[in-house]
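S.K.: Below you'll find the structure I mean.
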Amino acid sequence: MEHLAIVGSGATGTRIARQVARSSPDWHISLLDDGAGVAETAAQALGATVNAVRAVPNEATIVVIATRAGSHAALAADALAHASVVISVSDAIDDVRALLDLDEQAKAQKCRLVVGAGMMPGLTDILASHGRKWFDEVRELHVSKFGTGGPDCARQHHRALKGLCLDWRDNEWQRRPGGSGRELAWFPPPVQAADCYRAALADPLLLIRHHPNLDRITSRMAATRRDRMTMHLPMLRKPHPEGLLGAVRVELRGIKDGQHLEVVLGCAERPAVAAGAVAATAARTFSEDLHGPATPVTEREKFGAFGLAECVDSTVFLHRLKDRGLRPELFVGADETY
């Protein structure tokens, strides 16, 4: 029986626990949170296989970190000492950089540290990896997201909009001000069209690892006029307990059979639900690796710090997400008649 510890019992952490408890009833799940009574309340609602604890149990083989941004690297470093797999859902640039810097420690501890296993990054990385299979050569990747998960996610959204954006262009990083670069992006229904802007998003840091020869990588997120007007101020109202509408969009541009090709993939779901499905699927996938992978993996592939798309098969992973109710979509154009 696998022992999973989930650090953080907010909207995303609770969704992860619910997904795992439903699909893997033989697993033992420990929930912990620094908020008074939060983990206990969540555990009571989730059932007998979930219990609240004060610290990550030493017997936990898989640890998922779903806390607020800024805490993931320190928690991961502690978990590497005893866990076989550590998974982070953070989308903050500083967290992702610090987690990737733990690569040598993860290899020394013979542990796999998975960075960016949420909705974006995470689902977007998988969609980009899958879409790449339709090209002879991919030259550009552009990702966008709409919506937020729980309160901590909403606060991170607010911080990201006023931060510096990282764009990859012509083999170098370019920093652009958050809130600039307005683009109208079309997401799967029911979201449809939304204005998206540059922001301090971690996706390019992970996408360039798995797609090192691209000319351009950009990331944007949807924001309202009020978001942009108030981005340099403290949040003016308390965030909702869990966001409602959410979606991601991945656009690939490249060459197929000598012709220019553009492919757009997307997925609509509440952000906490989507992040929960991705992290739960990652936990299940890596659990299977621990007990005998279906295909051999090299030492470099098995241990160290990786983005999610670097260490899973995108097609298999998407099929597993579909089984959890997450349905990616392909945008298909149509000729208009008048």
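Going through the structure tokens in order, the chains are called A, B, and so on, while each chain numbers its residues from 1 and the ligands are numbered from 1 in the order shown.
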Output as a PyMOL selection string all residues of range 6-247 of chain A that backbone DSSP marks as strand (DSSP E or B).

M.R.: chain A and resi 6-7+28-32+50-52+62-65+85-88+112-115+118+122+137-146+164-169+172-177+183-186+193-198+216-222+247

S.K.: Write out as a CSV table (one decimal) with N, CA and C atoms, in the first residue's frame each polymer residue whose atoms come within 10 Å of range 211-218 of chain A, counting only C-alpha atoms; drop sequence neighbours fewer than 3 positions from it.

M.R.:
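What follows is the written file out_39.csv:
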chain,number,residue,atom,x,y,z
A,128,ALA,N,1.8,20.5,-24.7
A,128,ALA,CA,2.9,20.9,-25.6
A,128,ALA,C,3.7,19.7,-26.1
A,129,SER,N,4.0,18.8,-25.2
A,129,SER,CA,4.8,17.6,-25.6
A,129,SER,C,4.0,16.8,-26.5
A,132,ARG,N,3.7,18.4,-30.1
A,132,ARG,CA,4.9,18.4,-30.8
A,132,ARG,C,5.0,17.1,-31.7
A,137,GLU,N,9.2,19.9,-37.1
A,137,GLU,CA,10.0,20.8,-36.3
A,137,GLU,C,9.1,21.8,-35.7
A,138,VAL,N,9.2,22.0,-34.4
A,138,VAL,CA,8.4,23.1,-33.7
A,138,VAL,C,9.4,24.3,-33.5
A,139,ARG,N,8.9,25.5,-33.8
A,139,ARG,CA,9.7,26.7,-33.7
A,139,ARG,C,9.2,27.6,-32.6
A,140,GLU,N,7.9,27.6,-32.3
A,140,GLU,CA,7.4,28.5,-31.3
A,140,GLU,C,6.4,27.8,-30.4
A,141,LEU,N,6.3,28.2,-29.1
A,141,LEU,CA,5.3,27.7,-28.2
A,141,LEU,C,4.8,28.9,-27.4
A,142,HIS,N,3.5,28.9,-27.4
A,142,HIS,CA,2.8,30.1,-26.7
A,142,HIS,C,1.7,29.5,-25.8
A,143,VAL,N,1.8,29.7,-24.5
A,143,VAL,CA,0.8,29.2,-23.5
A,143,VAL,C,0.1,30.3,-22.8
A,144,SER,N,-1.2,30.0,-22.5
A,144,SER,CA,-2.0,31.0,-21.8
A,144,SER,C,-2.9,30.3,-20.8
A,165,CYS,N,8.0,39.3,-16.7
A,165,CYS,CA,7.7,38.1,-17.6
A,165,CYS,C,9.0,37.7,-18.2
A,166,LEU,N,9.1,36.3,-18.3
A,166,LEU,CA,10.3,35.7,-19.0
A,166,LEU,C,9.8,35.2,-20.4
A,167,ASP,N,10.4,35.8,-21.4
A,167,ASP,CA,10.1,35.3,-22.8
A,167,ASP,C,11.4,34.7,-23.3
A,168,TRP,N,11.3,33.6,-24.0
A,168,TRP,CA,12.5,33.1,-24.7
A,168,TRP,C,12.4,33.4,-26.2
A,169,ARG,N,13.5,34.1,-26.6
A,169,ARG,CA,13.5,34.6,-28.0
A,169,ARG,C,14.9,34.6,-28.6
A,170,ASP,N,15.1,33.8,-29.6
A,170,ASP,CA,16.4,33.7,-30.3
A,170,ASP,C,17.6,33.4,-29.3
A,171,ASN,N,17.4,32.3,-28.6
A,171,ASN,CA,18.4,31.7,-27.7
A,171,ASN,C,18.8,32.6,-26.5
A,172,GLU,N,17.9,33.4,-26.1
A,172,GLU,CA,18.2,34.2,-24.9
A,172,GLU,C,16.9,34.6,-24.2
A,173,TRP,N,17.0,34.8,-22.9
A,173,TRP,CA,15.8,35.3,-22.1
A,173,TRP,C,15.6,36.8,-22.3
A,198,ARG,N,1.2,39.5,-20.4
A,198,ARG,CA,2.4,39.0,-19.8
A,198,ARG,C,2.4,39.0,-18.3
A,199,ALA,N,3.1,38.1,-17.7
A,199,ALA,CA,3.1,38.0,-16.2
A,199,ALA,C,4.3,37.1,-15.8
A,201,LEU,N,5.4,34.2,-15.0
A,201,LEU,CA,4.9,32.8,-15.0
A,201,LEU,C,6.1,31.9,-15.3
A,203,ASP,N,6.2,28.9,-16.7
A,203,ASP,CA,6.1,27.9,-17.8
A,203,ASP,C,7.4,27.9,-18.7
A,204,PRO,N,7.8,29.0,-19.2
A,204,PRO,CA,9.0,29.0,-20.1
A,204,PRO,C,10.2,28.3,-19.5
A,205,LEU,N,10.4,28.4,-18.2
A,205,LEU,CA,11.6,27.7,-17.6
A,205,LEU,C,11.5,26.2,-17.7
A,206,LEU,N,10.3,25.7,-17.7
A,206,LEU,CA,10.2,24.2,-17.9
A,206,LEU,C,10.1,23.8,-19.3
A,207,LEU,N,9.4,24.6,-20.1
A,207,LEU,CA,9.2,24.3,-21.6
A,207,LEU,C,10.5,24.2,-22.3
A,208,ILE,N,11.4,25.2,-22.0
A,208,ILE,CA,12.7,25.2,-22.7
A,208,ILE,C,13.6,24.0,-22.4
A,251,GLU,N,-0.4,26.9,-27.9
A,251,GLU,CA,-0.3,27.1,-29.4
A,251,GLU,C,1.1,26.7,-29.8
A,252,LEU,N,1.2,25.8,-30.8
A,252,LEU,CA,2.5,25.4,-31.4
A,252,LEU,C,2.6,25.8,-32.8
A,253,ARG,N,3.7,26.4,-33.2
A,253,ARG,CA,4.0,26.8,-34.6
A,253,ARG,C,5.2,26.1,-35.1
A,254,GLY,N,5.2,25.6,-36.3
A,254,GLY,CA,6.4,24.9,-36.8
A,254,GLY,C,6.2,24.4,-38.2
A,310,GLU,N,9.0,16.0,-18.9
A,310,GLU,CA,10.3,15.4,-19.1
A,310,GLU,C,10.3,13.9,-18.7

S.K.: Could you go through range 130-223 of chain A and tell me which residues DSSP, when run on the backbone, assigns to helix (DSSP H, G or I), listing them as a list in words?

M.R.: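 The helix (DSSP H, G or I) subset of range 130-223 of chain A is His130, Gly131, Arg132, Lys133, Trp134, Pro151, Asp152, Cys153, Ala154, Arg155, Gln156, His157, His158, Arg159, Ala160, Leu161, Asp203, Pro204, Leu205, Leu206, Leu207, Ile208, Arg209 and His210 of chain A.
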
S.K.: May I have a table of the residues of range 248-306 of chain A lying at most 12 Å from range 327-333 of chain A, giving each one's closest pair of atoms and their distance in Å to one decimal, counting only C-alpha atoms, ordered by chain and ascending residue number, as a Markdown table?

M.R.:
| residue | atom | partner | partner_atom | distance |
| --- | --- | --- | --- | --- |
| A:Val248 | CA | A:Pro328 | CA | 9.4 |
| A:Arg249 | CA | A:Glu329 | CA | 9.4 |
| A:Val250 | CA | A:Leu330 | CA | 9.7 |
| A:Glu251 | CA | A:Phe331 | CA | 9.6 |
| A:Leu252 | CA | A:Phe331 | CA | 11.6 |
| A:Glu262 | CA | A:Phe331 | CA | 10.1 |
| A:Val263 | CA | A:Phe331 | CA | 7.4 |
| A:Val264 | CA | A:Phe331 | CA | 5.4 |
| A:Leu265 | CA | A:Leu330 | CA | 4.6 |
| A:Gly266 | CA | A:Glu329 | CA | 5.2 |
| A:Cys267 | CA | A:Pro328 | CA | 4.5 |
| A:Ala268 | CA | A:Pro328 | CA | 7.6 |
| A:Glu269 | CA | A:Arg327 | CA | 8.7 |
| A:Ala274 | CA | A:Arg327 | CA | 9.9 |
| A:Ala277 | CA | A:Arg327 | CA | 11.1 |
| A:Val278 | CA | A:Arg327 | CA | 11.8 |

S.K.: Please provide the set of residues having any atom within 12 Å of Ala279 in chain A, restricted to only C-alpha atoms, with same-chain residues fewer than 3 positions apart removed, written as a PyMOL selection string.

M.R.: chain A and resi 4+6+12-20+62-66+85-90+114-123+272-276+282-286+308+317+320-321+324

S.K.: Print the selection's residues with N, CA and C atoms to a file, as a CSV table (one decimal), in the first residue's frame.

M.R.:
chain,number,residue,atom,x,y,z
A,4,LEU,N,0.9,8.3,0.7
A,4,LEU,CA,1.0,9.6,0.1
A,4,LEU,C,0.8,10.7,1.2
A,6,ILE,N,0.3,14.8,1.5
A,6,ILE,CA,0.0,16.0,0.8
A,6,ILE,C,0.2,17.2,1.7
A,12,THR,N,-6.5,23.1,-3.9
A,12,THR,CA,-5.8,22.2,-4.7
A,12,THR,C,-5.4,20.9,-3.9
A,13,GLY,N,-4.9,21.1,-2.7
A,13,GLY,CA,-4.5,19.9,-2.0
A,13,GLY,C,-5.6,19.0,-1.7
A,14,THR,N,-6.8,19.6,-1.3
A,14,THR,CA,-8.0,18.8,-1.1
A,14,THR,C,-8.4,18.1,-2.3
A,15,ARG,N,-8.4,18.7,-3.5
A,15,ARG,CA,-8.7,18.1,-4.7
A,15,ARG,C,-7.8,16.9,-5.1
A,16,ILE,N,-6.5,17.1,-4.8
A,16,ILE,CA,-5.6,16.0,-5.0
A,16,ILE,C,-5.9,14.8,-4.1
A,17,ALA,N,-6.2,15.1,-2.9
A,17,ALA,CA,-6.5,14.0,-1.9
A,17,ALA,C,-7.8,13.3,-2.4
A,18,ARG,N,-8.8,14.0,-2.8
A,18,ARG,CA,-10.1,13.4,-3.2
A,18,ARG,C,-9.9,12.6,-4.5
A,19,GLN,N,-9.1,13.0,-5.4
A,19,GLN,CA,-8.8,12.3,-6.6
A,19,GLN,C,-8.1,10.9,-6.3
A,20,VAL,N,-7.1,11.0,-5.5
A,20,VAL,CA,-6.3,9.8,-5.1
A,20,VAL,C,-7.2,8.8,-4.3
A,62,ILE,N,5.6,9.0,-1.3
A,62,ILE,CA,5.3,10.1,-2.3
A,62,ILE,C,4.8,11.3,-1.5
A,63,VAL,N,5.4,12.4,-1.8
A,63,VAL,CA,5.0,13.7,-1.1
A,63,VAL,C,4.6,14.7,-2.2
A,64,VAL,N,3.4,15.2,-2.1
A,64,VAL,CA,2.9,16.3,-3.0
A,64,VAL,C,2.9,17.6,-2.2
A,65,ILE,N,3.5,18.6,-2.7
A,65,ILE,CA,3.5,19.9,-2.1
A,65,ILE,C,2.5,20.9,-2.8
A,66,ALA,N,1.5,21.3,-2.1
A,66,ALA,CA,0.5,22.1,-2.6
A,66,ALA,C,0.2,23.3,-1.7
A,85,VAL,N,9.5,10.0,-4.2
A,85,VAL,CA,9.0,10.9,-5.2
A,85,VAL,C,8.4,12.1,-4.5
A,86,VAL,N,8.8,13.3,-5.0
A,86,VAL,CA,8.3,14.6,-4.4
A,86,VAL,C,7.8,15.3,-5.6
A,87,ILE,N,6.5,15.8,-5.5
A,87,ILE,CA,5.8,16.5,-6.6
A,87,ILE,C,5.4,17.9,-6.1
A,88,SER,N,5.7,18.9,-6.9
A,88,SER,CA,5.3,20.3,-6.5
A,88,SER,C,4.3,20.8,-7.6
A,89,VAL,N,3.3,21.5,-7.1
A,89,VAL,CA,2.3,22.1,-8.1
A,89,VAL,C,2.5,23.6,-8.2
A,90,SER,N,3.6,24.2,-7.7
A,90,SER,CA,3.8,25.6,-7.7
A,90,SER,C,4.0,26.1,-9.1
A,114,VAL,N,9.5,16.2,-9.1
A,114,VAL,CA,8.8,16.6,-10.2
A,114,VAL,C,8.3,18.1,-10.0
A,115,VAL,N,8.7,19.0,-10.9
A,115,VAL,CA,8.4,20.4,-10.7
A,115,VAL,C,7.3,20.8,-11.7
A,116,GLY,N,6.3,21.6,-11.2
A,116,GLY,CA,5.3,22.1,-12.0
A,116,GLY,C,4.3,21.0,-12.5
A,117,ALA,N,3.6,20.4,-11.5
A,117,ALA,CA,2.6,19.4,-11.8
A,117,ALA,C,1.2,19.8,-11.5
A,118,GLY,N,0.9,21.0,-12.0
A,118,GLY,CA,-0.5,21.5,-11.8
A,118,GLY,C,-1.2,21.8,-13.1
A,119,MET,N,-1.9,22.9,-13.2
A,119,MET,CA,-2.6,23.2,-14.4
A,119,MET,C,-1.7,23.9,-15.4
A,120,MET,N,-1.0,24.9,-14.9
A,120,MET,CA,0.0,25.6,-15.7
A,120,MET,C,1.0,26.2,-14.8
A,121,PRO,N,2.2,25.6,-14.8
A,121,PRO,CA,2.7,24.5,-15.7
A,121,PRO,C,2.2,23.2,-15.2
A,122,GLY,N,2.3,22.2,-16.0
A,122,GLY,CA,1.9,20.9,-15.8
A,122,GLY,C,1.1,20.4,-16.9
A,123,LEU,N,-0.2,20.7,-16.9
A,123,LEU,CA,-1.1,20.3,-18.0
A,123,LEU,C,-0.6,20.9,-19.3
A,272,ALA,N,-8.4,24.4,-9.7
A,272,ALA,CA,-8.1,23.4,-8.6
A,272,ALA,C,-8.4,22.0,-9.0
A,273,VAL,N,-9.5,21.8,-9.7
A,273,VAL,CA,-9.8,20.4,-10.1
A,273,VAL,C,-8.8,19.9,-11.1
A,274,ALA,N,-8.4,20.8,-12.1
A,274,ALA,CA,-7.4,20.3,-13.1
A,274,ALA,C,-6.1,20.1,-12.4
A,275,ALA,N,-5.6,21.0,-11.6
A,275,ALA,CA,-4.4,20.7,-10.9
A,275,ALA,C,-4.4,19.5,-10.0
A,276,GLY,N,-5.5,19.2,-9.4
A,276,GLY,CA,-5.7,18.0,-8.6
A,276,GLY,C,-5.6,16.8,-9.4
A,282,ALA,N,0.1,12.1,-11.7
A,282,ALA,CA,1.5,12.0,-11.6
A,282,ALA,C,1.9,11.1,-10.5
A,283,ALA,N,1.2,11.2,-9.3
A,283,ALA,CA,1.5,10.4,-8.2
A,283,ALA,C,1.3,8.9,-8.6
A,284,ARG,N,0.2,8.6,-9.2
A,284,ARG,CA,-0.1,7.2,-9.6
A,284,ARG,C,0.9,6.7,-10.6
A,285,THR,N,1.3,7.6,-11.6
A,285,THR,CA,2.3,7.1,-12.6
A,285,THR,C,3.6,6.8,-12.0
A,286,PHE,N,4.1,7.7,-11.1
A,286,PHE,CA,5.4,7.4,-10.5
A,286,PHE,C,5.4,6.3,-9.5
A,308,LEU,N,7.3,18.0,-15.4
A,308,LEU,CA,6.5,16.9,-15.6
A,308,LEU,C,6.6,16.2,-16.9
A,317,PHE,N,-0.3,9.8,-20.4
A,317,PHE,CA,-0.7,10.7,-19.4
A,317,PHE,C,-2.1,11.3,-19.7
A,320,ARG,N,-4.9,9.0,-19.2
A,320,ARG,CA,-5.2,8.9,-17.7
A,320,ARG,C,-6.0,10.1,-17.2
A,321,LEU,N,-5.6,11.3,-17.7
A,321,LEU,CA,-6.4,12.5,-17.3
A,321,LEU,C,-7.8,12.4,-17.8
A,324,ARG,N,-10.0,10.6,-15.6
A,324,ARG,CA,-10.4,11.4,-14.5
A,324,ARG,C,-11.3,12.5,-14.8

S.K.: Would you compute the distance between CA of Ser24 in chain A and CA of Ser287 in chain A? Give it in Å to one decimal.

M.R.: 11.0 Å

S.K.: Could you please determine the separation between CA of Gly307 in chain A and CA of Arg209 in chain A in Å, to one decimal place?

M.R.: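 Going from CA of Gly307 in chain A over to CA of Arg209 in chain A covers 7.8 Å.
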
S.K.: Might you pull out every residue within 9 Å of Arg97 in chain A, with only C-alpha atoms counted and same-chain residues fewer than 4 positions away left off, and present them as a PyMOL selection string?

M.R.: chain A and resi 73+92-93+101+202+205

S.K.: Quick one: residues within 10 Å of Val38 in chain A, only C-alpha atoms, excluding same-chain residues fewer than 6 positions away - as JSON, numbers by chain?

M.R.: {"A": [8, 9, 10, 31, 32, 52]}

S.K.: Which residues are close to His130 in chain A, i.e. within 7 Å by only C-alpha atoms, leaving aside same-chain residues fewer than 3 positions away? Reply as a list in words.

M.R.: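 Counting only the stated atoms, we get Ile126, Leu127, Lys133, Ser314 and Thr315 of chain A.
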
S.K.: With C-alpha atoms retained, export the selected residues as a PDB file, in the first residue's frame.

M.R.:
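In the end it all went to result20.pdb:
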ATOM      1  CA  ILE A 126       1.895  17.737 -21.351  1.00  0.00           C
ATOM      2  CA  LEU A 127      -0.209  19.342 -24.097  1.00  0.00           C
ATOM      3  CA  LYS A 133       4.373  14.847 -32.192  1.00  0.00           C
ATOM      4  CA  SER A 314       2.302  12.540 -22.910  1.00  0.00           C
ATOM      5  CA  THR A 315      -0.153  10.265 -24.753  1.00  0.00           C
TER       6      THR A 315
END

S.K.: Between A:Ala74, A:Leu113, A:Leu233, A:Ala247, single out the one closest to Val191 in chain A, counting only C-alpha atoms.

M.R.: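 Result for the nearest residue to Val191 in chain A: A:Ala247.
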
S.K.: Given the choices A:Ala69, A:Ala280, A:Ala55, A:Ala222, which gets closest to Asp34 in chain A if the distance is worked out from only C-alpha atoms?

M.R.: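 For Asp34 in chain A, the nearest of the given residues is A:Ala55.
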
S.K.: Can you measure CA of Pro271 in chain A to CA of Gly246 in chain A for me? One decimal in Å is fine.

M.R.: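 Interatomic distance, CA of Pro271 in chain A to CA of Gly246 in chain A: 5.2 Å.
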